[in-house]
Amino acid sequence: MLRKISDSLDGFFLTILTPILLILSFPLLELQFLAWVAFVPLFFVIDNSSRSRSFMLSYVAGLIFFGGVMYWLTAVTKLGFFILIPVLALFFALFALAGNIFLRNLRCLKLDILLFLIIPSLWVVLEFVRGVLFTGFPWAILGYTQYKNPILIQVADITGAFGVSFVIMMVNFLLYCVLQAAAERFFGLSNKYFRNIRILKYGIMITALILVSVFVYGLRSLREADTDSGYRLSIVQGNIPQEKKWDPSHKSGILDRYETLTREAAKDGGDLIIWPETSVPGYMFEGDISRRITSLAKEIDIPLLLGLITFSWDEEGNVLYFNTASLMSAGGTIERAYYKIHLVPFGEFIPFEKNLPSIREWINVPMGDFSPGTEYTLFDLRGKGNGLKYAALICFEDIFPGLVRRFVYEGADILINMTNDAWFGESSEQLQHAQASVFRAVENRVSVIRAANTGFSCYIDPKGAIEDSITDSSAGMYTEGFRTFSIKIGEKNSFYTRYGDIFVYLCLFFVFGASLLIYKTRSG
């Protein structure tokens, strides 16, 4: 009895060690090297427990990880937090359950070597599913921990961010196998799984081969020079607290701030000035707002890309509201608008609200009631003889690789992420959000500009390097200001842009093939 209690406590402490190490590898501490060992404790639990115990302990690990890395969500919706975190934690538990099955069965079939591909493939498939299921939420992808590792992340233009996750998980599994073998060799601990040391040697060789290939590819990619487009784009960051953004008494002051920052940015002589998501404190048809912004565009003689809320009516006369990016010409006219396609659950719409009308009462801040756009709108940059196109990704749209890829596939040369991260106060959310932008740049070999109301406004080049940002010596990223960036153009039509998540489908093939092999063997 005491031995069982001891084993349970050991398993629990190993379980919570994995999410703690993972949380530390993400912003704010960004101890990215911890991601390479974080799953080793969890593998000890998965490999030495029953399926049900692996599932439950790993579910606890998922709760701790997602709850710890996304604590800032409670500033917007406590209900959304307590719904979302348990759902996300299921992916940890499913990884443990399936991992337990693969470990035991493939070893019985003497196919241990396949585990070095199957285990990381399983993680990749689950990360991908998490990003598409129920509108998807691909936040805190394991590969994102390496967003400041320029050599490693270059492979994302082939595999997407999931390829980096694959490599990290493969190294974690290899380290676990080495520790297991060492425990048997030097401490005499029973370990029936690594008596054939050749399997471990092959695992080391496979992992080393993949790591070397990734790093060689990364070094080669970094040596390729990007092209100066000749365009210069400016962003302004108003640093407007969320509680003031829609307060009518602050409307004039907000416009004053953006007008001042825009005039300062215009002195740099750029080709476009970008305001963040919903930076316009009202509707454009309001006389004072329309007059002031139109007059400003004419005064500086530079187009403005504005974040604002617009509305229209459907065929039945119902009002439809849209989170919008509108391009105002230097002459003061709206030339084109993009309506946000992927809306934020519990932010811009309430899931299941038609079936549960009272659900809004459980949310501690006002929620929107927006309708999604349907067109992958592109905007034009003109005036240099080699006009470029750009896409305006609103809010968290940049975290969806498939959505971003579609814009680039349709012809976008530059990606602009207009966001309002003031919802989450001064937290790790802002840098976690920026991690996704880094990978969208590398995946599609395009520059990404982040224009935030507050948080992390910056320029990311086609190789994923954050070259410049709006910061203050005392306030850090939470400050008002502007920056003008010279835009680089990378090699268009990367493998990922052309073919999408082929790597994920390859991982799915591995997982499905191993599952089929186990099923046929056991049923036969």
# chains A, B, ... in the order shown; residues from 1 in each chain; ligands from 1
>>> select_by_dssp(residues="stretch 130-243 of chain A", states="strand (DSSP E or B)", output="VMD selection string")
chain A and resid 227 to 237
>>> select_by_dssp(residues="stretch 19-258 of chain A", states="alpha helix (DSSP H)", output="number ranges by chain")
A: 19-25, 40-47, 51-69, 78-108, 115-132, 150-153, 156-159, 161-187, 197-223, 242-245, 251-258
>>> closest_residue(among="A:Asp288, A:Asp47, A:Glu397, A:Glu184", to="A:Asn105", atoms="only C-alpha atoms")
A:Asp47
>>> residues_around(residues="stretch 223-225 of chain A", least_positions_apart="4", cutoff="9 Å", atoms="only C-alpha atoms", output="JSON, numbers by chain")
{"A": [218, 219, 490]}
>>> write_last_selection(atoms="N, CA and C atoms", output="short mmCIF file (atom, residue, chain, number, x, y, z; two decimals), in the first residue's frame")
data_model
loop_
_atom_site.label_atom_id
_atom_site.label_comp_id
_atom_site.auth_asym_id
_atom_site.auth_seq_id
_atom_site.Cartn_x
_atom_site.Cartn_y
_atom_site.Cartn_z
N GLY A 218 18.98 25.50 -42.25
CA GLY A 218 18.82 26.81 -41.64
C GLY A 218 19.98 27.74 -41.96
N LEU A 219 21.20 27.23 -41.87
CA LEU A 219 22.37 28.05 -42.19
C LEU A 219 22.36 28.48 -43.64
N GLY A 490 11.32 38.56 -49.48
CA GLY A 490 12.02 37.29 -49.53
C GLY A 490 11.66 36.51 -50.78
#
>>> residues_around(residues="A:Asp228", least_positions_apart="5", cutoff="7 Å", atoms="only C-alpha atoms", output="JSON, numbers by chain")
{"A": [487, 488, 489]}
>>> residues_around(residues="stretch 446-457 of chain A", least_positions_apart="3", cutoff="6 Å", atoms="only C-alpha atoms", output="VMD selection string")
chain A and resid 235 237 to 239 276 414 to 420 422 430 441 460 to 462 469 to 470 477 to 478 490
>>> decode(residues="stretch 196-246 of chain A", atoms="C-alpha atoms", output="JSON list (two decimals), in the first residue's frame")
[["chain", "number", "residue", "atom", "x", "y", "z"],
["A", 196, "ASN", "CA", 18.98, -4.26, -27.45],
["A", 197, "ILE", "CA", 21.26, -1.27, -27.37],
["A", 198, "ARG", "CA", 21.39, -1.22, -31.17],
["A", 199, "ILE", "CA", 17.86, 0.21, -31.25],
["A", 200, "LEU", "CA", 19.01, 3.13, -29.15],
["A", 201, "LYS", "CA", 22.03, 3.65, -31.39],
["A", 202, "TYR", "CA", 19.77, 3.76, -34.43],
["A", 203, "GLY", "CA", 17.53, 6.24, -32.64],
["A", 204, "ILE", "CA", 20.50, 8.47, -31.94],
["A", 205, "MET", "CA", 21.57, 8.24, -35.57],
["A", 206, "ILE", "CA", 18.09, 9.13, -36.89],
["A", 207, "THR", "CA", 17.71, 12.05, -34.50],
["A", 208, "ALA", "CA", 21.21, 13.34, -35.24],
["A", 209, "LEU", "CA", 20.61, 13.07, -38.99],
["A", 210, "ILE", "CA", 17.39, 15.10, -38.77],
["A", 211, "LEU", "CA", 18.94, 17.70, -36.46],
["A", 212, "VAL", "CA", 21.98, 18.15, -38.70],
["A", 213, "SER", "CA", 19.78, 18.41, -41.79],
["A", 214, "VAL", "CA", 17.60, 21.06, -40.14],
["A", 215, "PHE", "CA", 20.59, 23.11, -39.02],
["A", 216, "VAL", "CA", 22.36, 22.85, -42.38],
["A", 217, "TYR", "CA", 19.19, 23.96, -44.12],
["A", 218, "GLY", "CA", 18.82, 26.81, -41.64],
["A", 219, "LEU", "CA", 22.37, 28.05, -42.19],
["A", 220, "ARG", "CA", 21.93, 27.90, -45.96],
["A", 221, "SER", "CA", 18.64, 29.79, -45.78],
["A", 222, "LEU", "CA", 20.11, 32.54, -43.62],
["A", 223, "ARG", "CA", 22.87, 33.11, -46.18],
["A", 224, "GLU", "CA", 20.34, 33.95, -48.88],
["A", 225, "ALA", "CA", 19.89, 37.71, -49.07],
["A", 226, "ASP", "CA", 16.47, 39.34, -49.06],
["A", 227, "THR", "CA", 15.64, 42.21, -51.42],
["A", 228, "ASP", "CA", 14.89, 45.77, -50.37],
["A", 229, "SER", "CA", 11.42, 46.47, -51.76],
["A", 230, "GLY", "CA", 11.97, 50.23, -51.81],
["A", 231, "TYR", "CA", 8.85, 50.73, -49.68],
["A", 232, "ARG", "CA", 8.76, 52.16, -46.19],
["A", 233, "LEU", "CA", 5.76, 51.53, -43.94],
["A", 234, "SER", "CA", 5.01, 53.21, -40.62],
["A", 235, "ILE", "CA", 3.02, 52.01, -37.63],
["A", 236, "VAL", "CA", 1.58, 54.05, -34.77],
["A", 237, "GLN", "CA", 0.85, 52.62, -31.33],
["A", 238, "GLY", "CA", -1.63, 54.66, -29.31],
["A", 239, "ASN", "CA", -1.33, 52.69, -26.06],
["A", 240, "ILE", "CA", -4.99, 53.30, -25.24],
["A", 241, "PRO", "CA", -6.21, 51.41, -22.13],
["A", 242, "GLN", "CA", -9.07, 49.08, -22.97],
["A", 243, "GLU", "CA", -11.43, 50.73, -20.49],
["A", 244, "LYS", "CA", -11.01, 54.06, -22.34],
["A", 245, "LYS", "CA", -11.26, 52.85, -25.94],
["A", 246, "TRP", "CA", -15.04, 53.04, -26.20]]
